[in-house]
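Shown here: input.txt, compact mmCIF, C-alpha atoms and all ligand atoms.
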```
# COMPACT_ATOMS: atom_id res chain seq x y z
CA MET R 1 0.00 0.00 0.00
CA ARG R 2 1.04 3.62 -0.30
CA ILE R 3 2.16 6.29 2.12
CA ARG R 4 2.41 9.71 0.50
CA GLY R 5 2.43 8.05 -2.89
CA GLN R 6 5.23 5.60 -2.10
CA ALA R 7 4.54 1.85 -2.03
CA PHE R 8 5.50 0.00 1.16
CA ARG R 9 5.30 -3.38 2.73
CA THR R 10 5.48 -3.74 6.50
CA ILE R 11 8.41 -6.18 6.34
CA PHE R 12 11.15 -6.84 3.78
CA VAL R 13 14.78 -7.89 3.43
CA ALA R 14 17.23 -4.98 3.22
CA ASP R 15 19.65 -4.39 0.35
CA ASP R 16 22.42 -6.32 2.16
CA GLY R 17 20.37 -9.45 1.42
CA TRP R 18 19.91 -10.61 5.03
CA THR R 19 18.91 -7.88 7.48
CA VAL R 20 15.13 -7.76 7.96
CA ARG R 21 13.53 -4.30 7.99
CA VAL R 22 10.16 -3.59 9.54
CA ILE R 23 8.05 -0.47 9.90
CA ASP R 24 8.35 0.47 13.59
CA GLN R 25 4.67 0.67 14.53
CA THR R 26 5.42 2.08 17.97
CA ARG R 27 6.50 5.33 16.22
CA LEU R 28 3.37 5.71 14.12
CA PRO R 29 1.36 7.79 13.43
CA PHE R 30 3.84 10.61 14.03
CA GLU R 31 7.03 9.19 12.55
CA LEU R 32 7.55 6.67 9.78
CA GLU R 33 10.65 4.82 10.90
CA PHE R 34 12.11 1.41 10.24
CA GLN R 35 13.74 -0.99 12.60
CA GLU R 36 16.40 -3.46 11.52
CA LEU R 37 16.25 -7.00 12.83
CA ARG R 38 19.51 -8.96 12.82
CA SER R 39 18.83 -11.87 15.15
CA ALA R 40 16.02 -14.12 16.30
CA GLU R 41 16.20 -12.38 19.68
CA GLN R 42 15.58 -8.99 18.07
CA ALA R 43 12.66 -10.43 16.08
CA ALA R 44 11.19 -11.85 19.31
CA VAL R 45 11.46 -8.49 21.09
CA ALA R 46 9.91 -6.70 18.08
CA ILE R 47 6.90 -9.04 18.30
CA GLN R 48 6.61 -8.81 22.08
CA ASP R 49 6.93 -5.01 22.21
CA MET R 50 4.52 -4.53 19.28
CA VAL R 51 7.06 -2.93 16.96
CA VAL R 52 5.25 -5.34 14.66
CA ARG R 53 1.77 -6.56 15.53
CA GLY R 54 -1.33 -7.97 13.90
CA ALA R 55 -1.75 -11.72 13.53
CA PRO R 56 -0.53 -12.11 9.92
CA LEU R 57 2.50 -9.84 10.39
CA ILE R 58 3.45 -11.55 13.65
CA GLY R 59 3.59 -14.84 11.70
CA ILE R 60 5.76 -13.45 8.91
CA THR R 61 8.12 -11.72 11.36
CA ALA R 62 8.53 -15.00 13.22
CA ALA R 63 9.34 -16.76 9.93
CA TYR R 64 12.07 -14.24 9.17
CA GLY R 65 13.17 -14.49 12.81
CA VAL R 66 13.90 -18.17 12.23
CA ALA R 67 16.02 -17.31 9.19
CA LEU R 68 17.95 -14.74 11.23
CA GLY R 69 18.42 -17.20 14.08
CA LEU R 70 19.97 -19.85 11.82
CA ARG R 71 22.68 -17.55 10.48
CA SER R 72 25.11 -18.35 13.30
CA ASP R 73 24.15 -21.98 13.77
CA PRO R 74 21.83 -23.94 11.45
CA GLY R 75 22.00 -27.13 13.57
CA ASP R 76 19.03 -29.03 14.98
CA ALA R 77 19.47 -27.84 18.58
CA ASN R 78 19.63 -24.19 17.60
CA LEU R 79 16.65 -24.58 15.27
CA ALA R 80 14.62 -25.96 18.19
CA ARG R 81 15.82 -23.12 20.45
CA VAL R 82 14.87 -20.42 17.92
CA LEU R 83 11.44 -21.95 17.29
CA ALA R 84 10.76 -22.05 21.05
CA LEU R 85 12.00 -18.48 21.56
CA LEU R 86 9.76 -17.05 18.85
CA GLY R 87 6.84 -19.31 19.74
CA ALA R 88 6.71 -17.89 23.27
CA THR R 89 6.34 -14.25 22.21
CA ARG R 90 2.54 -13.82 22.01
CA PRO R 91 -0.12 -16.40 22.82
CA THR R 92 -3.35 -15.47 21.03
CA ALA R 93 -2.53 -15.00 17.33
CA VAL R 94 -2.42 -18.52 15.93
CA ASN R 95 -0.58 -17.33 12.81
CA LEU R 96 2.55 -17.41 14.95
CA ARG R 97 2.23 -21.14 15.57
CA TRP R 98 1.20 -21.71 11.95
CA ALA R 99 4.25 -19.85 10.58
CA LEU R 100 6.72 -21.59 12.89
CA ALA R 101 5.28 -25.03 12.08
CA ARG R 102 5.61 -24.32 8.38
CA MET R 103 9.20 -23.14 8.81
CA GLU R 104 10.08 -26.16 10.90
CA GLN R 105 8.66 -28.55 8.32
CA ALA R 106 10.56 -26.86 5.48
CA LEU R 107 13.83 -26.73 7.42
CA ARG R 108 13.85 -30.21 8.89
CA ALA R 109 13.52 -31.52 5.33
CA VAL R 110 16.96 -30.16 4.35
CA THR R 111 20.47 -30.52 5.74
CA PRO R 112 21.75 -27.90 8.18
CA ALA R 113 24.07 -26.54 5.48
CA ALA R 114 21.12 -25.72 3.25
CA ARG R 115 18.88 -24.35 5.98
CA MET R 116 19.65 -20.66 6.04
CA GLU R 117 19.01 -20.15 2.35
CA ARG R 118 15.90 -22.28 2.56
CA ALA R 119 14.64 -20.29 5.56
CA TYR R 120 14.91 -16.93 3.79
CA ALA R 121 13.23 -18.38 0.70
CA GLU R 122 10.34 -19.85 2.71
CA ALA R 123 9.83 -16.64 4.70
CA ALA R 124 9.81 -14.59 1.48
CA LEU R 125 7.29 -16.99 -0.05
CA MET R 126 5.06 -16.69 3.01
CA ALA R 127 5.26 -12.89 2.85
CA ASP R 128 4.25 -12.91 -0.83
CA GLU R 129 1.44 -15.37 -0.10
CA ASP R 130 0.17 -13.20 2.73
CA ALA R 131 -0.02 -10.18 0.43
CA ALA R 132 -1.84 -12.21 -2.25
CA THR R 133 -4.20 -13.72 0.34
CA CYS R 134 -5.16 -10.32 1.72
CA GLU R 135 -5.72 -9.00 -1.79
CA ALA R 136 -8.09 -11.93 -2.38
CA ILE R 137 -9.94 -11.14 0.88
CA GLY R 138 -10.45 -7.66 -0.52
CA ARG R 139 -11.80 -9.05 -3.79
CA HIS R 140 -14.26 -11.33 -2.00
CA GLY R 141 -15.35 -8.62 0.43
CA LEU R 142 -15.98 -6.00 -2.23
CA PRO R 143 -19.30 -7.46 -3.51
CA LEU R 144 -20.65 -7.44 0.06
CA LEU R 145 -20.01 -3.73 0.30
CA GLU R 146 -21.40 -3.15 -3.20
CA ARG R 147 -24.61 -4.95 -2.26
CA LEU R 148 -25.02 -2.91 0.90
CA ALA R 149 -24.34 0.32 -1.03
CA LEU R 150 -26.98 -0.67 -3.57
CA GLN R 151 -29.51 -1.36 -0.80
CA LYS R 152 -28.76 2.12 0.49
CA GLY R 153 -29.49 3.70 -2.85
CA ARG R 154 -25.79 4.35 -3.38
CA ARG R 155 -25.62 6.86 -0.55
CA ARG R 156 -22.37 6.94 1.44
CA LEU R 157 -21.68 3.58 3.07
CA ASN R 158 -20.54 3.69 6.71
CA VAL R 159 -18.24 0.90 7.86
CA LEU R 160 -17.17 0.45 11.49
CA THR R 161 -13.93 -1.30 12.35
CA HIS R 162 -12.16 -2.11 15.60
CA CYS R 163 -8.40 -2.18 16.22
CA ASN R 164 -6.10 -2.31 13.22
CA ALA R 165 -6.67 -5.01 10.67
CA GLY R 166 -5.31 -3.04 7.77
CA TRP R 167 -2.09 -3.48 5.85
CA LEU R 168 -0.03 -2.53 8.91
CA ALA R 169 -1.27 -5.74 10.57
CA CYS R 170 -0.24 -7.81 7.57
CA VAL R 171 2.38 -7.61 4.83
CA ASP R 172 0.13 -5.62 2.50
CA TRP R 173 -3.58 -4.84 1.90
CA GLY R 174 -4.86 -5.94 5.33
CA THR R 175 -7.73 -8.21 6.26
CA ALA R 176 -10.74 -6.15 7.43
CA LEU R 177 -9.57 -3.11 5.50
CA ALA R 178 -8.80 -4.93 2.23
CA PRO R 179 -12.47 -4.77 1.07
CA VAL R 180 -12.52 -1.11 2.12
CA TYR R 181 -9.47 -0.32 -0.02
CA LYS R 182 -10.94 -2.25 -2.96
CA ALA R 183 -14.23 -0.33 -2.64
CA HIS R 184 -12.47 3.01 -2.32
CA ASP R 185 -10.27 2.27 -5.32
CA ALA R 186 -13.38 1.27 -7.31
CA GLY R 187 -14.85 4.71 -6.62
CA MET R 188 -17.42 3.79 -3.96
CA ASP R 189 -18.44 6.58 -1.59
CA LEU R 190 -17.60 5.12 1.81
CA HIS R 191 -16.56 6.27 5.24
CA VAL R 192 -15.00 4.33 8.10
CA TRP R 193 -15.76 4.76 11.81
CA VAL R 194 -12.43 3.93 13.48
CA ASP R 195 -12.62 2.71 17.09
CA GLU R 196 -9.65 4.21 18.94
CA THR R 197 -9.05 0.76 20.54
CA ARG R 198 -7.81 1.33 24.04
CA PRO R 199 -5.42 0.54 25.58
CA ARG R 200 -2.81 0.58 22.78
CA ASN R 201 -4.90 2.75 20.45
CA GLN R 202 -4.16 0.79 17.29
CA GLY R 203 -7.29 2.29 15.75
CA ALA R 204 -6.47 5.91 16.51
CA ALA R 205 -2.79 5.57 15.64
CA LEU R 206 -2.58 2.93 12.92
CA THR R 207 -5.96 2.47 11.22
CA ALA R 208 -6.51 6.23 11.03
CA PHE R 209 -2.97 6.68 9.74
CA GLU R 210 -3.20 4.13 6.95
CA LEU R 211 -6.73 5.09 5.87
CA GLY R 212 -5.64 8.73 5.75
CA ALA R 213 -2.51 7.88 3.80
CA HIS R 214 -4.67 6.08 1.23
CA GLY R 215 -7.25 8.88 1.09
CA VAL R 216 -10.16 6.94 2.64
CA ALA R 217 -12.71 9.10 4.52
CA HIS R 218 -12.75 8.15 8.19
CA THR R 219 -13.53 9.41 11.69
CA VAL R 220 -11.95 8.23 14.93
CA ILE R 221 -14.43 7.49 17.73
CA ALA R 222 -14.15 6.47 21.36
CA ASP R 223 -14.50 2.73 21.74
CA ASN R 224 -17.77 3.21 23.58
CA ALA R 225 -19.43 5.22 20.78
CA GLY R 226 -20.14 2.30 18.42
CA GLY R 227 -23.40 1.14 20.03
CA HIS R 228 -24.83 4.64 20.00
CA LEU R 229 -23.92 5.14 16.32
CA MET R 230 -25.54 1.82 15.44
CA GLN R 231 -28.76 2.80 17.23
CA ARG R 232 -28.80 6.01 15.18
CA GLY R 233 -28.42 4.13 11.89
CA ALA R 234 -24.97 5.61 11.29
CA VAL R 235 -23.28 2.23 10.75
CA ASP R 236 -24.17 0.07 7.73
CA VAL R 237 -21.71 -2.74 8.37
CA CYS R 238 -18.96 -3.75 10.83
CA ILE R 239 -15.84 -5.47 9.54
CA VAL R 240 -13.11 -6.59 11.92
CA GLY R 241 -10.08 -8.84 11.77
CA THR R 242 -9.24 -11.79 13.98
CA ASP R 243 -6.22 -13.26 15.70
CA ARG R 244 -7.62 -16.77 15.94
CA THR R 245 -10.83 -18.32 14.64
CA THR R 246 -11.98 -21.77 15.71
CA ALA R 247 -13.16 -24.58 13.43
CA THR R 248 -16.69 -23.62 14.48
CA GLY R 249 -16.37 -19.93 13.60
CA ASP R 250 -15.80 -18.37 17.05
CA VAL R 251 -13.56 -15.36 16.64
CA ALA R 252 -10.86 -13.97 18.95
CA ASN R 253 -10.00 -10.37 18.23
CA LYS R 254 -8.79 -7.25 20.03
CA ILE R 255 -10.54 -6.58 23.33
CA GLY R 256 -13.83 -4.77 22.76
CA THR R 257 -14.77 -6.61 19.59
CA TYR R 258 -17.38 -8.73 21.40
CA LEU R 259 -19.22 -5.64 22.62
CA LYS R 260 -19.36 -4.30 19.04
CA ALA R 261 -20.78 -7.63 17.86
CA LEU R 262 -23.47 -7.52 20.56
CA ALA R 263 -24.43 -3.97 19.60
CA ALA R 264 -24.46 -4.92 15.91
CA TYR R 265 -26.70 -7.92 16.64
CA ASP R 266 -29.12 -5.82 18.68
CA ASN R 267 -29.35 -3.24 15.89
CA GLY R 268 -29.48 -5.59 12.90
CA VAL R 269 -26.13 -4.35 11.56
CA PRO R 270 -24.19 -7.02 9.60
CA PHE R 271 -21.00 -8.02 11.41
CA TYR R 272 -18.29 -9.56 9.21
CA VAL R 273 -14.89 -10.92 10.17
CA ALA R 274 -12.09 -10.99 7.58
CA LEU R 275 -9.30 -13.52 7.88
CA PRO R 276 -6.63 -15.43 6.01
CA SER R 277 -6.81 -19.20 6.49
CA SER R 278 -3.57 -19.00 8.48
CA THR R 279 -5.73 -17.52 11.29
CA LEU R 280 -7.95 -20.62 11.48
CA ASP R 281 -7.26 -22.96 14.38
CA TRP R 282 -8.78 -26.23 13.23
CA THR R 283 -7.98 -27.89 16.57
CA LEU R 284 -10.42 -25.76 18.59
CA GLN R 285 -14.20 -26.04 18.81
CA ASP R 286 -15.12 -23.58 21.57
CA GLY R 287 -13.40 -20.22 21.35
CA VAL R 288 -14.65 -18.77 24.64
CA ARG R 289 -13.37 -21.81 26.52
CA ASP R 290 -10.26 -22.68 24.57
CA ILE R 291 -8.58 -19.65 22.96
CA PRO R 292 -5.74 -18.39 25.17
CA ILE R 293 -6.19 -14.70 25.92
CA GLU R 294 -3.03 -12.65 26.29
CA GLU R 295 -2.82 -10.65 29.52
CA ARG R 296 -0.60 -7.65 28.89
CA ALA R 297 1.15 -5.25 31.27
CA ALA R 298 -1.00 -3.07 33.56
CA ARG R 299 1.07 -0.08 32.41
CA GLU R 300 -0.79 -0.14 29.07
CA ILE R 301 -3.93 0.77 31.08
CA THR R 302 -2.40 3.14 33.60
CA HIS R 303 -0.47 5.15 31.00
CA VAL R 304 -1.34 6.58 27.59
CA ALA R 305 1.39 7.21 25.05
CA GLY R 306 1.25 10.20 22.75
CA ARG R 307 3.00 13.27 21.40
CA ALA R 308 3.68 16.31 23.55
CA PRO R 309 3.21 19.84 22.12
CA ASP R 310 6.99 20.10 21.60
CA GLY R 311 6.92 16.96 19.44
CA THR R 312 8.53 14.60 21.93
CA ARG R 313 6.92 11.24 22.67
CA VAL R 314 5.52 10.96 26.17
CA ALA R 315 3.54 8.51 28.27
CA VAL R 316 1.15 10.16 30.69
CA GLU R 317 -0.45 8.56 33.72
CA VAL R 318 -4.27 8.41 33.61
CA VAL R 319 -5.23 6.08 36.47
CA ALA R 320 -5.48 6.93 40.17
CA PRO R 321 -2.02 6.17 41.55
CA GLY R 322 -1.99 2.85 43.36
CA SER R 323 -5.14 1.46 41.71
CA PRO R 324 -4.54 -1.97 40.23
CA ALA R 325 -5.25 -2.44 36.50
CA ALA R 326 -6.02 -5.57 34.48
CA ASN R 327 -5.34 -5.83 30.78
CA PRO R 328 -6.84 -8.77 28.86
CA ALA R 329 -5.83 -7.97 25.28
CA PHE R 330 -8.40 -10.01 23.32
CA ASP R 331 -11.94 -11.28 23.62
CA VAL R 332 -13.96 -13.94 21.83
CA THR R 333 -17.06 -13.27 19.75
CA PRO R 334 -19.21 -16.41 19.44
CA ALA R 335 -20.02 -17.49 15.89
CA ARG R 336 -23.75 -16.84 16.41
CA LEU R 337 -23.03 -13.09 16.45
CA VAL R 338 -20.98 -13.16 13.22
CA THR R 339 -22.83 -12.59 9.93
CA GLY R 340 -20.08 -14.10 7.82
CA LEU R 341 -16.37 -14.82 7.45
CA ILE R 342 -14.51 -13.22 4.54
CA THR R 343 -11.56 -15.41 3.55
CA GLU R 344 -9.20 -15.68 0.59
CA ARG R 345 -11.46 -18.41 -0.81
CA GLY R 346 -14.72 -16.51 -0.50
CA VAL R 347 -17.34 -15.65 2.10
CA CYS R 348 -18.92 -18.29 4.32
CA GLU R 349 -21.19 -18.65 7.31
CA ALA R 350 -19.38 -18.53 10.66
CA SER R 351 -19.97 -22.20 11.44
CA ALA R 352 -18.27 -25.56 11.11
CA ALA R 353 -20.29 -26.29 7.96
CA GLY R 354 -19.52 -22.89 6.47
CA LEU R 355 -15.79 -23.24 7.03
CA ARG R 356 -15.82 -26.85 5.84
CA SER R 357 -17.47 -25.74 2.58
CA LEU R 358 -14.52 -23.43 1.82
CA PHE R 359 -11.76 -25.59 3.29
CA PRO R 360 -12.82 -29.22 2.75
CA GLU R 361 -9.21 -30.41 2.98
CA ALA R 362 -8.61 -28.95 6.47
CA PRO R 363 -7.27 -31.49 8.95
CA GLY R 364 -9.82 -32.43 11.61
CA ALA R 365 -12.20 -29.62 10.65
CA ALA R 366 -15.31 -29.68 12.81
CA THR R 367 -18.45 -31.14 11.27
O1 LIG R 401 -2.44 -6.85 19.72
P1 LIG R 401 -2.34 -6.67 18.24
O2 LIG R 401 -2.23 -5.25 17.78
O3 LIG R 401 -1.32 -7.57 17.62
O4 LIG R 401 -3.75 -7.21 17.78
C1 LIG R 401 -3.96 -7.60 16.52
C2 LIG R 401 -4.96 -6.79 15.92
O5 LIG R 401 -4.67 -5.77 15.36
C3 LIG R 401 -6.33 -7.21 15.95
O6 LIG R 401 -6.80 -7.96 16.93
C4 LIG R 401 -6.78 -7.40 14.57
O7 LIG R 401 -8.02 -6.85 14.50
C5 LIG R 401 -6.63 -8.79 14.03
S1 LIG R 401 -5.10 -9.08 13.21
C6 LIG R 401 -5.41 -8.63 11.55
```

Could you take the file, read its structure, and then write that structure out as structure tokens?
Amino acid sequence: MRIRGQAFRTIFVADDGWTVRVIDQTRLPFELEFQELRSAEQAAVAIQDMVVRGAPLIGITAAYGVALGLRSDPGDANLARVLALLGATRPTAVNLRWALARMEQALRAVTPAARMERAYAEAALMADEDAATCEAIGRHGLPLLERLALQKGRRRLNVLTHCNAGWLACVDWGTALAPVYKAHDAGMDLHVWVDETRPRNQGAALTAFELGAHGVAHTVIADNAGGHLMQRGAVDVCIVGTDRTTATGDVANKIGTYLKALAAYDNGVPFYVALPSSTLDWTLQDGVRDIPIEERAAREITHVAGRAPDGTRVAVEVVAPGSPAANPAFDVTPARLVTGLITERGVCEASAAGLRSLFPEAPGAAT
């Protein structure tokens, strides 16, 4: 996607042929800076500290992290160490586990001497596939938006999204925002309500930034405003991303998503979830019971990061000193509240049968 006319991906290999460069998302929206990753340890810290975030991008960063980690020692023991190190970074996004399993399979099939080259090639392939997959999600989501616009008599279509599931969460295009970009590029009159997404404010900082950079009309709202806007008929459709979706269509996404789904259900607003198949966890049936929810540091609640009037970055305290804070980072929206899943293979019902119809080959898919 483009920032001020220039095409970017969130992650790529630098001109030296081995250093991995990522957009430093902790600096956005005020500064566009890159961070260089030169070891598996640095890749792990970048994932943990949310220099990179978003389920698809976490997976691709981990894949490159494996390649970086094998540079000094491509042997079996070090491969296992690097996989464990990266696998422990964040618990909810299943793309991490998916990416590491795919890397492990590719690398165990070759001799240690061939591993580093193979690792870079596999990671690059996965990055290209992620971009193509997200583009396909956009293609499949576009007709949904066109239909809704038609029902509205072609008046401006209002989309609500939560967190950041745009291209900054992926390699390119995004998941929830891919249909939005496709619709905008096709000339549709649309506007996006952007939930600020406390505590890390991925909506206010990242979604608003990337929509603005692409020229998409949008308005940032407090997380709690969505229900009110839906009651007033100001939201035509919700589209969100997901960090893990079960074989039965339950969806884990950034904390607050469930409340938006409840409000959408109560107001008859369609609620879609966009995802690449790498976000599907075919081993789980009950998302509320089984999806591990990351508990992040209390400081993300007690402090808000931003820019001071003199341009410096600051974190200000917003909670009564001494009050404890809890920070579950994700919640689970049951499939019954989801109108449909938008995947790279098309749109399906959020159910075992719906997913099975698009992915009949999936191992152990629920029936
Ligand atoms: O904690 P994050 O920023 O890594 O969370 C990921 C997200 O941005 C969302 O939950 C997103 O909507 C799904 S990932 C495309």

So that each row is one residue of chain R with an atom at most 7 Å from ligand LIG 401 (chain R), can you give its shortest atom pair and the distance in Å to one decimal, using all atoms listed in the file, rows by chain and rising number, as CSV?
```
residue,atom,partner,partner_atom,distance
R:Met50,CA,R:LIG401,O3,6.8
R:Arg53,CA,R:LIG401,O3,3.9
R:Gly54,CA,R:LIG401,C1,3.7
R:Ala55,CA,R:LIG401,S1,4.3
R:Pro56,CA,R:LIG401,C6,6.2
R:His162,CA,R:LIG401,O7,6.4
R:Cys163,CA,R:LIG401,O7,5.0
R:Asn164,CA,R:LIG401,O5,4.3
R:Ala165,CA,R:LIG401,C6,3.9
R:Gly166,CA,R:LIG401,C6,6.7
R:Ala169,CA,R:LIG401,C6,5.1
R:Cys170,CA,R:LIG401,C6,6.6
R:Gly174,CA,R:LIG401,C6,6.8
R:Thr175,CA,R:LIG401,C6,5.8
R:Gln202,CA,R:LIG401,O2,6.4
R:Val240,CA,R:LIG401,O7,5.7
R:Gly241,CA,R:LIG401,O7,4.0
R:Thr242,CA,R:LIG401,C5,4.0
R:Asp243,CA,R:LIG401,C5,4.8
R:Asn253,CA,R:LIG401,O6,4.2
R:Lys254,CA,R:LIG401,O6,3.8
R:Ala329,CA,R:LIG401,O1,6.6
R:Phe330,CA,R:LIG401,O6,6.9
```

Report task. Just the residues within 8 Å of range 258-274 of chain R, please, counting all atoms listed in the file, with nothing from its chain fewer than 5 positions along; format it as a ChimeraX atom specification. Result -> /R:137,175-176,226-227,230-231,235-242,251,331-333,337-343

With the cut-off set at 10 Å and counting all atoms listed in the file, tabulate each residue of range 154-220 of chain R with an atom at most that distance from an atom of range 5-27 of chain R, showing the nearest atom pair and its distance in Å to one decimal, ordered by chain and increasing number, as a tab-separated table.
```
residue	atom	partner	partner_atom	distance
R:Trp167	CA	R:Thr10	CA	7.6
R:Leu168	CA	R:Thr10	CA	6.1
R:Ala169	CA	R:Thr10	CA	8.1
R:Cys170	CA	R:Thr10	CA	7.1
R:Val171	CA	R:Thr10	CA	5.2
R:Asp172	CA	R:Arg9	CA	5.6
R:Trp173	CA	R:Arg9	CA	9.0
R:Arg200	CA	R:Thr26	CA	9.6
R:Gln202	CA	R:Gln25	CA	9.3
R:Ala205	CA	R:Gln25	CA	9.0
R:Leu206	CA	R:Gln25	CA	7.8
R:Ala213	CA	R:Gly5	CA	8.3
R:His214	CA	R:Gly5	CA	8.4
```

For the selection just defined, write its residues with C-alpha atoms to a file, as a short mmCIF file (atom, residue, chain, number, x, y, z; two decimals), in the coordinates of the input.
```cif
data_model
loop_
_atom_site.label_atom_id
_atom_site.label_comp_id
_atom_site.auth_asym_id
_atom_site.auth_seq_id
_atom_site.Cartn_x
_atom_site.Cartn_y
_atom_site.Cartn_z
CA TRP R 167 -2.09 -3.48 5.85
CA LEU R 168 -0.03 -2.53 8.91
CA ALA R 169 -1.27 -5.74 10.57
CA CYS R 170 -0.24 -7.81 7.57
CA VAL R 171 2.38 -7.61 4.83
CA ASP R 172 0.13 -5.62 2.50
CA TRP R 173 -3.58 -4.84 1.90
CA ARG R 200 -2.81 0.58 22.78
CA GLN R 202 -4.16 0.79 17.29
CA ALA R 205 -2.79 5.57 15.64
CA LEU R 206 -2.58 2.93 12.92
CA ALA R 213 -2.51 7.88 3.80
CA HIS R 214 -4.67 6.08 1.23
#
```

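For the pair CA of Gly287 in chain R and CA of Ser357 in chain R, the separation is 20.0 Å.
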
Requested in this report: Go through R:Ile47, R:Ala186, R:Ala113, R:Leu107 one by one, measure the shortest atom-to-atom distance of each to Asp73 in chain R using all atoms listed in the file, and give the residue with the smallest value.
Outcome: R:Ala113

Assuming the input is short of atoms at range 74-80 of chain R, produce all heavy atoms for that part as a compact mmCIF listing (two decimals), in the frame of the given file.
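Output below, filename rebuild_1.txt:
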```txt
# COMPACT_ATOMS: atom_id res chain seq x y z
N PRO R 74 23.01 -23.34 12.07
CA PRO R 74 21.83 -23.94 11.45
C PRO R 74 21.50 -25.35 11.98
O PRO R 74 20.64 -26.03 11.42
CB PRO R 74 22.21 -23.98 9.97
CG PRO R 74 23.69 -24.11 9.96
CD PRO R 74 24.22 -23.50 11.23
N GLY R 75 22.18 -25.76 13.05
CA GLY R 75 22.00 -27.13 13.57
C GLY R 75 20.64 -27.36 14.20
O GLY R 75 19.90 -26.41 14.50
N ASP R 76 20.35 -28.65 14.46
CA ASP R 76 19.03 -29.03 14.98
C ASP R 76 18.71 -28.38 16.33
O ASP R 76 17.59 -27.90 16.56
CB ASP R 76 18.96 -30.55 15.17
CG ASP R 76 18.80 -31.26 13.83
OD1 ASP R 76 18.56 -30.56 12.81
OD2 ASP R 76 18.92 -32.49 13.81
N ALA R 77 19.73 -28.36 17.22
CA ALA R 77 19.47 -27.84 18.58
C ALA R 77 19.14 -26.35 18.51
O ALA R 77 18.21 -25.87 19.18
CB ALA R 77 20.67 -28.09 19.48
N ASN R 78 19.89 -25.63 17.70
CA ASN R 78 19.63 -24.19 17.60
C ASN R 78 18.29 -23.92 16.91
O ASN R 78 17.57 -22.99 17.29
CB ASN R 78 20.77 -23.47 16.87
CG ASN R 78 20.63 -21.97 16.97
OD1 ASN R 78 20.35 -21.44 18.07
ND2 ASN R 78 20.74 -21.27 15.85
N LEU R 79 17.96 -24.75 15.93
CA LEU R 79 16.65 -24.58 15.27
C LEU R 79 15.53 -24.73 16.32
O LEU R 79 14.61 -23.90 16.38
CB LEU R 79 16.47 -25.62 14.15
CG LEU R 79 15.09 -25.67 13.49
CD1 LEU R 79 14.73 -24.33 12.85
CD2 LEU R 79 15.04 -26.79 12.43
N ALA R 80 15.65 -25.75 17.15
CA ALA R 80 14.62 -25.96 18.19
C ALA R 80 14.58 -24.77 19.15
O ALA R 80 13.50 -24.31 19.56
CB ALA R 80 14.91 -27.25 18.95
```
